[in-house]
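Colleague: Here's a structure for you.
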Amino acid sequence: MTEILWVAAFAAMLLGLLGVFLPLLPGVPLLYGGMLLAAWLDDFARIGVPTLIVLGVMTLAAWLVEALASVWGVQRAGASGMAIAGAGIGAIVGILGGLPGLILGPIVGAICGEYIARRDQRRAARAGLAAGIGFLVAAVAKLAIAVTMLAVFLFAWLA
């Protein structure tokens with residue numbers, strides 16, 4: 001039974017890394033779950049509670065960055081509150097549309113919100129572009145956090 005759990009731990013970590021790129025998998029939380037399972041299977045001998053806390057905080061940071069990046073991008077572009085709300089709503093609704101929805105949801109939401117608020121197509125397009133850039137920044141940040149988590153885990157495991 002222990003061997004099956006070890007396979008599950010490594011599979012969760014591998015799927016977690018893939019989930020950084022594939023939107024239907026909860027990438028970083030799955031990566032953390034695999035690390036937690038491996039630590040538990042090892043009786044926390046190599047990966048202790050302090051390391052798990054650090055990895056948990058990094059998991060929460062990745063989730064927050066992913067959830068708020070498009071909103072931050074729109075806000076930094078000086079868009080209206082309606083555009084910011086639209087990007088947030090678009091991100092939530094976009095989850096239902098898979099990868100296209102995750103990418104286009106915040107963009108379309110920001111464009112619609114800004115257009116409703118100011119009736120200016122140029123500003124609406126700028127808000128949408130800012131939401132798209134926010135999405136890309138979130139993807140890069142999430143990848144960086146996942147790789148850092150893996151490095152922390154491996155360093156603690158091998159030390």
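As shown in the structure tokens, the chain order sets the letters A, B, ...; within each chain, residues go from 1, and ligands are also counted from 1 in the order they appear.
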Leu25 of chain A: which residues within 12 Å, counting only C-alpha atoms, same-chain residues fewer than 3 positions away excluded, as a PDB file with N, CA, C and O atoms, in the first residue's frame?
Modeller:
```pdb
ATOM      1  N   ALA A  12       0.925  13.296  -8.151  1.00  0.00           N
ATOM      2  CA  ALA A  12       0.317  14.582  -7.808  1.00  0.00           C
ATOM      3  C   ALA A  12       1.277  15.728  -8.077  1.00  0.00           C
ATOM      4  O   ALA A  12       0.882  16.782  -8.591  1.00  0.00           O
ATOM      5  N   MET A  13       2.558  15.526  -7.746  1.00  0.00           N
ATOM      6  CA  MET A  13       3.547  16.575  -8.015  1.00  0.00           C
ATOM      7  C   MET A  13       3.716  16.793  -9.521  1.00  0.00           C
ATOM      8  O   MET A  13       3.769  17.937  -9.982  1.00  0.00           O
ATOM      9  N   LEU A  14       3.775  15.721 -10.278  1.00  0.00           N
ATOM     10  CA  LEU A  14       3.907  15.847 -11.729  1.00  0.00           C
ATOM     11  C   LEU A  14       2.677  16.511 -12.337  1.00  0.00           C
ATOM     12  O   LEU A  14       2.790  17.434 -13.153  1.00  0.00           O
ATOM     13  N   LEU A  15       1.498  16.067 -11.929  1.00  0.00           N
ATOM     14  CA  LEU A  15       0.268  16.697 -12.420  1.00  0.00           C
ATOM     15  C   LEU A  15       0.172  18.155 -11.980  1.00  0.00           C
ATOM     16  O   LEU A  15      -0.356  18.993 -12.708  1.00  0.00           O
ATOM     17  N   GLY A  16       0.682  18.455 -10.792  1.00  0.00           N
ATOM     18  CA  GLY A  16       0.702  19.834 -10.320  1.00  0.00           C
ATOM     19  C   GLY A  16       1.557  20.718 -11.212  1.00  0.00           C
ATOM     20  O   GLY A  16       1.173  21.838 -11.553  1.00  0.00           O
ATOM     21  N   LEU A  17       2.719  20.211 -11.612  1.00  0.00           N
ATOM     22  CA  LEU A  17       3.565  20.975 -12.526  1.00  0.00           C
ATOM     23  C   LEU A  17       2.885  21.151 -13.882  1.00  0.00           C
ATOM     24  O   LEU A  17       2.933  22.229 -14.473  1.00  0.00           O
ATOM     25  N   LEU A  18       2.235  20.108 -14.359  1.00  0.00           N
ATOM     26  CA  LEU A  18       1.483  20.225 -15.617  1.00  0.00           C
ATOM     27  C   LEU A  18       0.315  21.193 -15.463  1.00  0.00           C
ATOM     28  O   LEU A  18      -0.027  21.918 -16.396  1.00  0.00           O
ATOM     29  N   GLY A  19      -0.284  21.201 -14.288  1.00  0.00           N
ATOM     30  CA  GLY A  19      -1.424  22.070 -14.023  1.00  0.00           C
ATOM     31  C   GLY A  19      -1.076  23.547 -14.034  1.00  0.00           C
ATOM     32  O   GLY A  19      -1.962  24.393 -14.150  1.00  0.00           O
ATOM     33  N   VAL A  20       0.200  23.866 -13.925  1.00  0.00           N
ATOM     34  CA  VAL A  20       0.610  25.261 -14.054  1.00  0.00           C
ATOM     35  C   VAL A  20       0.283  25.751 -15.470  1.00  0.00           C
ATOM     36  O   VAL A  20      -0.068  26.907 -15.671  1.00  0.00           O
ATOM     37  N   PHE A  21       0.347  24.839 -16.440  1.00  0.00           N
ATOM     38  CA  PHE A  21       0.085  25.182 -17.827  1.00  0.00           C
ATOM     39  C   PHE A  21      -1.319  24.792 -18.285  1.00  0.00           C
ATOM     40  O   PHE A  21      -1.866  25.407 -19.189  1.00  0.00           O
ATOM     41  N   LEU A  22      -1.880  23.755 -17.697  1.00  0.00           N
ATOM     42  CA  LEU A  22      -3.205  23.271 -18.080  1.00  0.00           C
ATOM     43  C   LEU A  22      -4.243  23.804 -17.099  1.00  0.00           C
ATOM     44  O   LEU A  22      -4.195  23.491 -15.911  1.00  0.00           O
ATOM     45  N   VAL A  28      -0.750  24.383  -8.664  1.00  0.00           N
ATOM     46  CA  VAL A  28       0.059  24.580  -7.467  1.00  0.00           C
ATOM     47  C   VAL A  28      -0.544  23.869  -6.251  1.00  0.00           C
ATOM     48  O   VAL A  28       0.196  23.230  -5.496  1.00  0.00           O
ATOM     49  N   PRO A  29      -1.858  23.905  -6.030  1.00  0.00           N
ATOM     50  CA  PRO A  29      -2.394  23.126  -4.901  1.00  0.00           C
ATOM     51  C   PRO A  29      -2.150  21.615  -5.038  1.00  0.00           C
ATOM     52  O   PRO A  29      -1.877  20.936  -4.046  1.00  0.00           O
ATOM     53  N   LEU A  30      -2.212  21.110  -6.251  1.00  0.00           N
ATOM     54  CA  LEU A  30      -1.933  19.694  -6.473  1.00  0.00           C
ATOM     55  C   LEU A  30      -0.461  19.381  -6.210  1.00  0.00           C
ATOM     56  O   LEU A  30      -0.130  18.356  -5.614  1.00  0.00           O
ATOM     57  N   LEU A  31       0.414  20.279  -6.624  1.00  0.00           N
ATOM     58  CA  LEU A  31       1.843  20.140  -6.349  1.00  0.00           C
ATOM     59  C   LEU A  31       2.084  20.099  -4.836  1.00  0.00           C
ATOM     60  O   LEU A  31       2.801  19.228  -4.329  1.00  0.00           O
ATOM     61  N   ILE A  95     -13.789  30.666 -15.912  1.00  0.00           N
ATOM     62  CA  ILE A  95     -13.417  29.332 -15.437  1.00  0.00           C
ATOM     63  C   ILE A  95     -14.297  28.272 -16.099  1.00  0.00           C
ATOM     64  O   ILE A  95     -13.836  27.184 -16.408  1.00  0.00           O
ATOM     65  N   GLY A  98     -13.136  26.782 -19.813  1.00  0.00           N
ATOM     66  CA  GLY A  98     -11.855  26.132 -20.064  1.00  0.00           C
ATOM     67  C   GLY A  98     -10.762  27.148 -20.342  1.00  0.00           C
ATOM     68  O   GLY A  98     -10.829  28.297 -19.907  1.00  0.00           O
ATOM     69  N   LEU A  99      -9.758  26.738 -21.117  1.00  0.00           N
ATOM     70  CA  LEU A  99      -8.623  27.602 -21.410  1.00  0.00           C
ATOM     71  C   LEU A  99      -9.036  28.886 -22.125  1.00  0.00           C
ATOM     72  O   LEU A  99      -8.631  29.974 -21.713  1.00  0.00           O
TER      73      LEU A  99
END
```
Colleague: Leaving out segment 127-133 of chain A and any residue of its chain fewer than 3 positions from it, which residues lie within 10 Å of it when counting only C-alpha atoms, given as a ChimeraX atom specification?
Modeller: /A:69-80,83-84,86-88,91,103-115,121-124,136-139
Colleague: Since we have the selection now, will you write its residues out, keeping C-alpha atoms, as a PDB file, in the first residue's frame?
Modeller:
```pdb
ATOM      1  CA  ALA A  69      -3.522  39.445 -11.694  1.00  0.00           C
ATOM      2  CA  SER A  70      -5.988  40.584 -14.356  1.00  0.00           C
ATOM      3  CA  VAL A  71      -7.703  42.889 -11.892  1.00  0.00           C
ATOM      4  CA  TRP A  72      -4.342  44.393 -10.912  1.00  0.00           C
ATOM      5  CA  GLY A  73      -3.404  44.841 -14.564  1.00  0.00           C
ATOM      6  CA  VAL A  74      -6.604  46.723 -15.306  1.00  0.00           C
ATOM      7  CA  GLN A  75      -6.215  48.829 -12.178  1.00  0.00           C
ATOM      8  CA  ARG A  76      -2.617  49.738 -13.058  1.00  0.00           C
ATOM      9  CA  ALA A  77      -3.769  50.869 -16.504  1.00  0.00           C
ATOM     10  CA  GLY A  78      -5.965  53.487 -14.841  1.00  0.00           C
ATOM     11  CA  ALA A  79      -9.222  51.901 -15.943  1.00  0.00           C
ATOM     12  CA  SER A  80     -12.512  52.556 -14.208  1.00  0.00           C
ATOM     13  CA  ALA A  83     -13.454  47.647 -15.820  1.00  0.00           C
ATOM     14  CA  ILE A  84     -11.827  46.245 -12.685  1.00  0.00           C
ATOM     15  CA  GLY A  86     -15.592  43.356 -15.190  1.00  0.00           C
ATOM     16  CA  ALA A  87     -12.146  41.727 -15.207  1.00  0.00           C
ATOM     17  CA  GLY A  88     -12.917  40.031 -11.890  1.00  0.00           C
ATOM     18  CA  ALA A  91     -12.162  35.702 -14.546  1.00  0.00           C
ATOM     19  CA  ILE A 103      -7.801  33.821 -21.042  1.00  0.00           C
ATOM     20  CA  LEU A 104     -10.671  35.713 -22.654  1.00  0.00           C
ATOM     21  CA  GLY A 105     -12.970  36.080 -19.625  1.00  0.00           C
ATOM     22  CA  PRO A 106     -11.001  38.803 -17.835  1.00  0.00           C
ATOM     23  CA  ILE A 107     -10.198  40.555 -21.116  1.00  0.00           C
ATOM     24  CA  VAL A 108     -13.806  40.664 -22.310  1.00  0.00           C
ATOM     25  CA  GLY A 109     -14.996  41.586 -18.821  1.00  0.00           C
ATOM     26  CA  ALA A 110     -12.563  44.507 -18.617  1.00  0.00           C
ATOM     27  CA  ILE A 111     -13.507  45.727 -22.091  1.00  0.00           C
ATOM     28  CA  CYS A 112     -17.227  45.554 -21.325  1.00  0.00           C
ATOM     29  CA  GLY A 113     -16.865  47.219 -17.940  1.00  0.00           C
ATOM     30  CA  GLU A 114     -14.737  50.061 -19.279  1.00  0.00           C
ATOM     31  CA  TYR A 115     -17.025  50.615 -22.256  1.00  0.00           C
ATOM     32  CA  GLN A 121     -13.616  52.169 -27.393  1.00  0.00           C
ATOM     33  CA  ARG A 122      -9.946  53.097 -27.158  1.00  0.00           C
ATOM     34  CA  ARG A 123      -9.952  53.096 -23.342  1.00  0.00           C
ATOM     35  CA  ALA A 124     -11.979  49.876 -23.333  1.00  0.00           C
ATOM     36  CA  LEU A 136       0.408  36.544 -18.737  1.00  0.00           C
ATOM     37  CA  VAL A 137       2.138  37.977 -15.669  1.00  0.00           C
ATOM     38  CA  ALA A 138       0.105  35.598 -13.505  1.00  0.00           C
ATOM     39  CA  ALA A 139       1.130  32.609 -15.628  1.00  0.00           C
TER      40      ALA A 139
END
```
Colleague: Quick one: residues within 10 Å of Gly33 of chain A, only C-alpha atoms, excluding same-chain residues fewer than 6 positions away - as a ChimeraX atom specification?
Modeller: /A:8-10,12-13,16,27,39,56,59
Colleague: Could you take the residues named above and write them with all heavy atoms, as a PDB file, in the first residue's frame?
Modeller:
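The new file again_19.pdb reads:
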```
ATOM      1  N   ALA A   8       1.300   7.885  -5.893  1.00  0.00           N
ATOM      2  CA  ALA A   8       0.291   8.953  -5.874  1.00  0.00           C
ATOM      3  C   ALA A   8       0.929  10.304  -5.546  1.00  0.00           C
ATOM      4  O   ALA A   8       0.578  11.327  -6.146  1.00  0.00           O
ATOM      5  CB  ALA A   8      -0.814   8.624  -4.867  1.00  0.00           C
ATOM      6  N   ALA A   9       1.877  10.315  -4.619  1.00  0.00           N
ATOM      7  CA  ALA A   9       2.546  11.574  -4.249  1.00  0.00           C
ATOM      8  C   ALA A   9       3.320  12.134  -5.441  1.00  0.00           C
ATOM      9  O   ALA A   9       3.209  13.326  -5.758  1.00  0.00           O
ATOM     10  CB  ALA A   9       3.488  11.347  -3.059  1.00  0.00           C
ATOM     11  N   PHE A  10       4.090  11.286  -6.102  1.00  0.00           N
ATOM     12  CA  PHE A  10       4.859  11.758  -7.250  1.00  0.00           C
ATOM     13  C   PHE A  10       3.950  12.117  -8.419  1.00  0.00           C
ATOM     14  O   PHE A  10       4.217  13.079  -9.141  1.00  0.00           O
ATOM     15  CB  PHE A  10       5.921  10.738  -7.642  1.00  0.00           C
ATOM     16  CG  PHE A  10       7.052  10.664  -6.656  1.00  0.00           C
ATOM     17  CD1 PHE A  10       7.288   9.506  -5.934  1.00  0.00           C
ATOM     18  CD2 PHE A  10       7.870  11.763  -6.431  1.00  0.00           C
ATOM     19  CE1 PHE A  10       8.319   9.444  -5.009  1.00  0.00           C
ATOM     20  CE2 PHE A  10       8.900  11.717  -5.507  1.00  0.00           C
ATOM     21  CZ  PHE A  10       9.126  10.553  -4.792  1.00  0.00           C
ATOM     22  N   ALA A  12       0.925  13.296  -8.151  1.00  0.00           N
ATOM     23  CA  ALA A  12       0.317  14.582  -7.808  1.00  0.00           C
ATOM     24  C   ALA A  12       1.277  15.728  -8.077  1.00  0.00           C
ATOM     25  O   ALA A  12       0.882  16.782  -8.591  1.00  0.00           O
ATOM     26  CB  ALA A  12      -0.135  14.588  -6.344  1.00  0.00           C
ATOM     27  N   MET A  13       2.558  15.526  -7.746  1.00  0.00           N
ATOM     28  CA  MET A  13       3.547  16.575  -8.015  1.00  0.00           C
ATOM     29  C   MET A  13       3.716  16.793  -9.521  1.00  0.00           C
ATOM     30  O   MET A  13       3.769  17.937  -9.982  1.00  0.00           O
ATOM     31  CB  MET A  13       4.887  16.235  -7.367  1.00  0.00           C
ATOM     32  CG  MET A  13       4.880  16.419  -5.858  1.00  0.00           C
ATOM     33  SD  MET A  13       6.519  16.208  -5.138  1.00  0.00           S
ATOM     34  CE  MET A  13       6.381  14.559  -4.478  1.00  0.00           C
ATOM     35  N   GLY A  16       0.682  18.455 -10.792  1.00  0.00           N
ATOM     36  CA  GLY A  16       0.702  19.834 -10.320  1.00  0.00           C
ATOM     37  C   GLY A  16       1.557  20.718 -11.212  1.00  0.00           C
ATOM     38  O   GLY A  16       1.173  21.838 -11.553  1.00  0.00           O
ATOM     39  N   GLY A  27      -3.039  23.328 -10.482  1.00  0.00           N
ATOM     40  CA  GLY A  27      -1.611  23.082 -10.509  1.00  0.00           C
ATOM     41  C   GLY A  27      -0.878  23.190  -9.193  1.00  0.00           C
ATOM     42  O   GLY A  27      -0.398  22.191  -8.650  1.00  0.00           O
ATOM     43  N   ALA A  39       5.855  14.023   2.346  1.00  0.00           N
ATOM     44  CA  ALA A  39       6.377  14.329   3.687  1.00  0.00           C
ATOM     45  C   ALA A  39       5.736  13.416   4.728  1.00  0.00           C
ATOM     46  O   ALA A  39       6.414  12.899   5.625  1.00  0.00           O
ATOM     47  CB  ALA A  39       6.122  15.796   4.024  1.00  0.00           C
ATOM     48  N   GLY A  56       3.175  25.966   1.941  1.00  0.00           N
ATOM     49  CA  GLY A  56       1.762  26.338   2.000  1.00  0.00           C
ATOM     50  C   GLY A  56       1.540  27.816   1.721  1.00  0.00           C
ATOM     51  O   GLY A  56       0.614  28.198   0.993  1.00  0.00           O
ATOM     52  N   THR A  59       1.904  28.348  -1.888  1.00  0.00           N
ATOM     53  CA  THR A  59       0.700  27.882  -2.584  1.00  0.00           C
ATOM     54  C   THR A  59      -0.385  28.954  -2.539  1.00  0.00           C
ATOM     55  O   THR A  59      -1.021  29.254  -3.555  1.00  0.00           O
ATOM     56  CB  THR A  59       0.191  26.568  -1.952  1.00  0.00           C
ATOM     57  OG1 THR A  59       1.219  25.580  -2.055  1.00  0.00           O
ATOM     58  CG2 THR A  59      -1.070  26.075  -2.627  1.00  0.00           C
TER      59      THR A  59
END
```
Colleague: From a DSSP pass on the backbone, collect the residues of segment 4-150 of chain A flagged as alpha helix (DSSP H) and hand them back as a ChimeraX atom specification.
Modeller: /A:4-19,27-41,49-76,81-94,98-118,121-150
Colleague: Could you write out the selected residues, including C-alpha atoms, as a compact mmCIF listing (two decimals), in the first residue's frame?
Modeller:
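As a result, result20.txt now contains:
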```txt
# COMPACT_ATOMS: atom_id res chain seq x y z
CA ILE A 4 0.87 3.08 -4.17
CA LEU A 5 0.87 6.17 -1.96
CA TRP A 6 4.40 7.06 -3.08
CA VAL A 7 3.29 6.76 -6.70
CA ALA A 8 0.29 8.95 -5.87
CA ALA A 9 2.55 11.57 -4.25
CA PHE A 10 4.86 11.76 -7.25
CA ALA A 11 1.92 11.68 -9.67
CA ALA A 12 0.32 14.58 -7.81
CA MET A 13 3.55 16.57 -8.02
CA LEU A 14 3.91 15.85 -11.73
CA LEU A 15 0.27 16.70 -12.42
CA GLY A 16 0.70 19.83 -10.32
CA LEU A 17 3.57 20.97 -12.53
CA LEU A 18 1.48 20.22 -15.62
CA GLY A 19 -1.42 22.07 -14.02
CA GLY A 27 -1.61 23.08 -10.51
CA VAL A 28 0.06 24.58 -7.47
CA PRO A 29 -2.39 23.13 -4.90
CA LEU A 30 -1.93 19.69 -6.47
CA LEU A 31 1.84 20.14 -6.35
CA TYR A 32 1.59 21.05 -2.65
CA GLY A 33 -0.69 18.07 -1.99
CA GLY A 34 1.87 15.71 -3.50
CA MET A 35 4.62 17.27 -1.41
CA LEU A 36 2.52 17.00 1.74
CA LEU A 37 1.76 13.34 1.01
CA ALA A 38 5.46 12.59 0.43
CA ALA A 39 6.38 14.33 3.69
CA TRP A 40 3.73 12.33 5.56
CA LEU A 41 4.87 9.06 4.01
CA VAL A 49 6.44 21.44 9.51
CA PRO A 50 8.40 24.68 8.90
CA THR A 51 9.11 23.66 5.31
CA LEU A 52 5.47 22.66 4.80
CA ILE A 53 4.36 26.04 6.15
CA VAL A 54 6.67 27.83 3.70
CA LEU A 55 5.34 25.68 0.85
CA GLY A 56 1.76 26.34 2.00
CA VAL A 57 2.31 30.09 2.02
CA MET A 58 3.77 29.85 -1.48
CA THR A 59 0.70 27.88 -2.58
CA LEU A 60 -1.58 30.61 -1.25
CA ALA A 61 0.55 33.27 -2.95
CA ALA A 62 0.25 31.48 -6.30
CA TRP A 63 -3.52 31.22 -5.88
CA LEU A 64 -3.82 34.92 -5.02
CA VAL A 65 -1.62 35.99 -7.93
CA GLU A 66 -3.68 33.89 -10.31
CA ALA A 67 -6.98 35.20 -8.98
CA LEU A 68 -6.04 38.87 -8.88
CA ALA A 69 -3.52 39.44 -11.69
CA SER A 70 -5.99 40.58 -14.36
CA VAL A 71 -7.70 42.89 -11.89
CA TRP A 72 -4.34 44.39 -10.91
CA GLY A 73 -3.40 44.84 -14.56
CA VAL A 74 -6.60 46.72 -15.31
CA GLN A 75 -6.21 48.83 -12.18
CA ARG A 76 -2.62 49.74 -13.06
CA GLY A 81 -13.92 50.58 -11.32
CA MET A 82 -16.37 49.00 -13.76
CA ALA A 83 -13.45 47.65 -15.82
CA ILE A 84 -11.83 46.24 -12.69
CA ALA A 85 -15.09 44.61 -11.64
CA GLY A 86 -15.59 43.36 -15.19
CA ALA A 87 -12.15 41.73 -15.21
CA GLY A 88 -12.92 40.03 -11.89
CA ILE A 89 -16.31 38.80 -13.02
CA GLY A 90 -14.85 37.71 -16.35
CA ALA A 91 -12.16 35.70 -14.55
CA ILE A 92 -14.77 33.92 -12.44
CA VAL A 93 -17.14 33.25 -15.35
CA GLY A 94 -14.21 32.34 -17.60
CA GLY A 98 -11.86 26.13 -20.06
CA LEU A 99 -8.62 27.60 -21.41
CA PRO A 100 -10.28 30.07 -23.81
CA GLY A 101 -12.57 31.26 -21.02
CA LEU A 102 -9.71 31.68 -18.57
CA ILE A 103 -7.80 33.82 -21.04
CA LEU A 104 -10.67 35.71 -22.65
CA GLY A 105 -12.97 36.08 -19.63
CA PRO A 106 -11.00 38.80 -17.83
CA ILE A 107 -10.20 40.55 -21.12
CA VAL A 108 -13.81 40.66 -22.31
CA GLY A 109 -15.00 41.59 -18.82
CA ALA A 110 -12.56 44.51 -18.62
CA ILE A 111 -13.51 45.73 -22.09
CA CYS A 112 -17.23 45.55 -21.33
CA GLY A 113 -16.86 47.22 -17.94
CA GLU A 114 -14.74 50.06 -19.28
CA TYR A 115 -17.03 50.62 -22.26
CA ILE A 116 -20.10 50.72 -20.03
CA ALA A 117 -18.36 53.20 -17.71
CA ARG A 118 -16.85 55.57 -20.27
CA GLN A 121 -13.62 52.17 -27.39
CA ARG A 122 -9.95 53.10 -27.16
CA ARG A 123 -9.95 53.10 -23.34
CA ALA A 124 -11.98 49.88 -23.33
CA ALA A 125 -9.41 48.20 -25.59
CA ARG A 126 -6.60 49.44 -23.35
CA ALA A 127 -8.34 47.95 -20.31
CA GLY A 128 -8.70 44.63 -22.14
CA LEU A 129 -5.04 44.65 -23.11
CA ALA A 130 -4.08 45.34 -19.49
CA ALA A 131 -6.19 42.38 -18.36
CA GLY A 132 -4.45 40.16 -20.91
CA ILE A 133 -1.02 41.31 -19.76
CA GLY A 134 -2.12 40.64 -16.17
CA PHE A 135 -3.03 37.09 -17.18
CA LEU A 136 0.41 36.54 -18.74
CA VAL A 137 2.14 37.98 -15.67
CA ALA A 138 0.11 35.60 -13.50
CA ALA A 139 1.13 32.61 -15.63
CA VAL A 140 4.81 33.50 -15.34
CA ALA A 141 4.51 34.17 -11.60
CA LYS A 142 2.67 30.90 -11.04
CA LEU A 143 5.38 29.00 -12.93
CA ALA A 144 8.10 30.74 -10.92
CA ILE A 145 6.36 29.91 -7.65
CA ALA A 146 5.88 26.26 -8.66
CA VAL A 147 9.53 25.87 -9.65
CA THR A 148 10.61 27.56 -6.41
CA MET A 149 8.36 25.24 -4.41
CA LEU A 150 9.93 22.25 -6.13
```
Colleague: What does the structure give for the distance between atom CA of Glu3 of chain A and atom CA of Ile47 of chain A, in Å to one decimal?
Modeller: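 Result for atom CA of Glu3 of chain A versus atom CA of Ile47 of chain A: 18.5 Å, one decimal.
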Colleague: Quick one: pull the distance between atom CA of Asp43 of chain A and atom CA of Ala151 of chain A, Å, one decimal.
Modeller: 20.2 Å
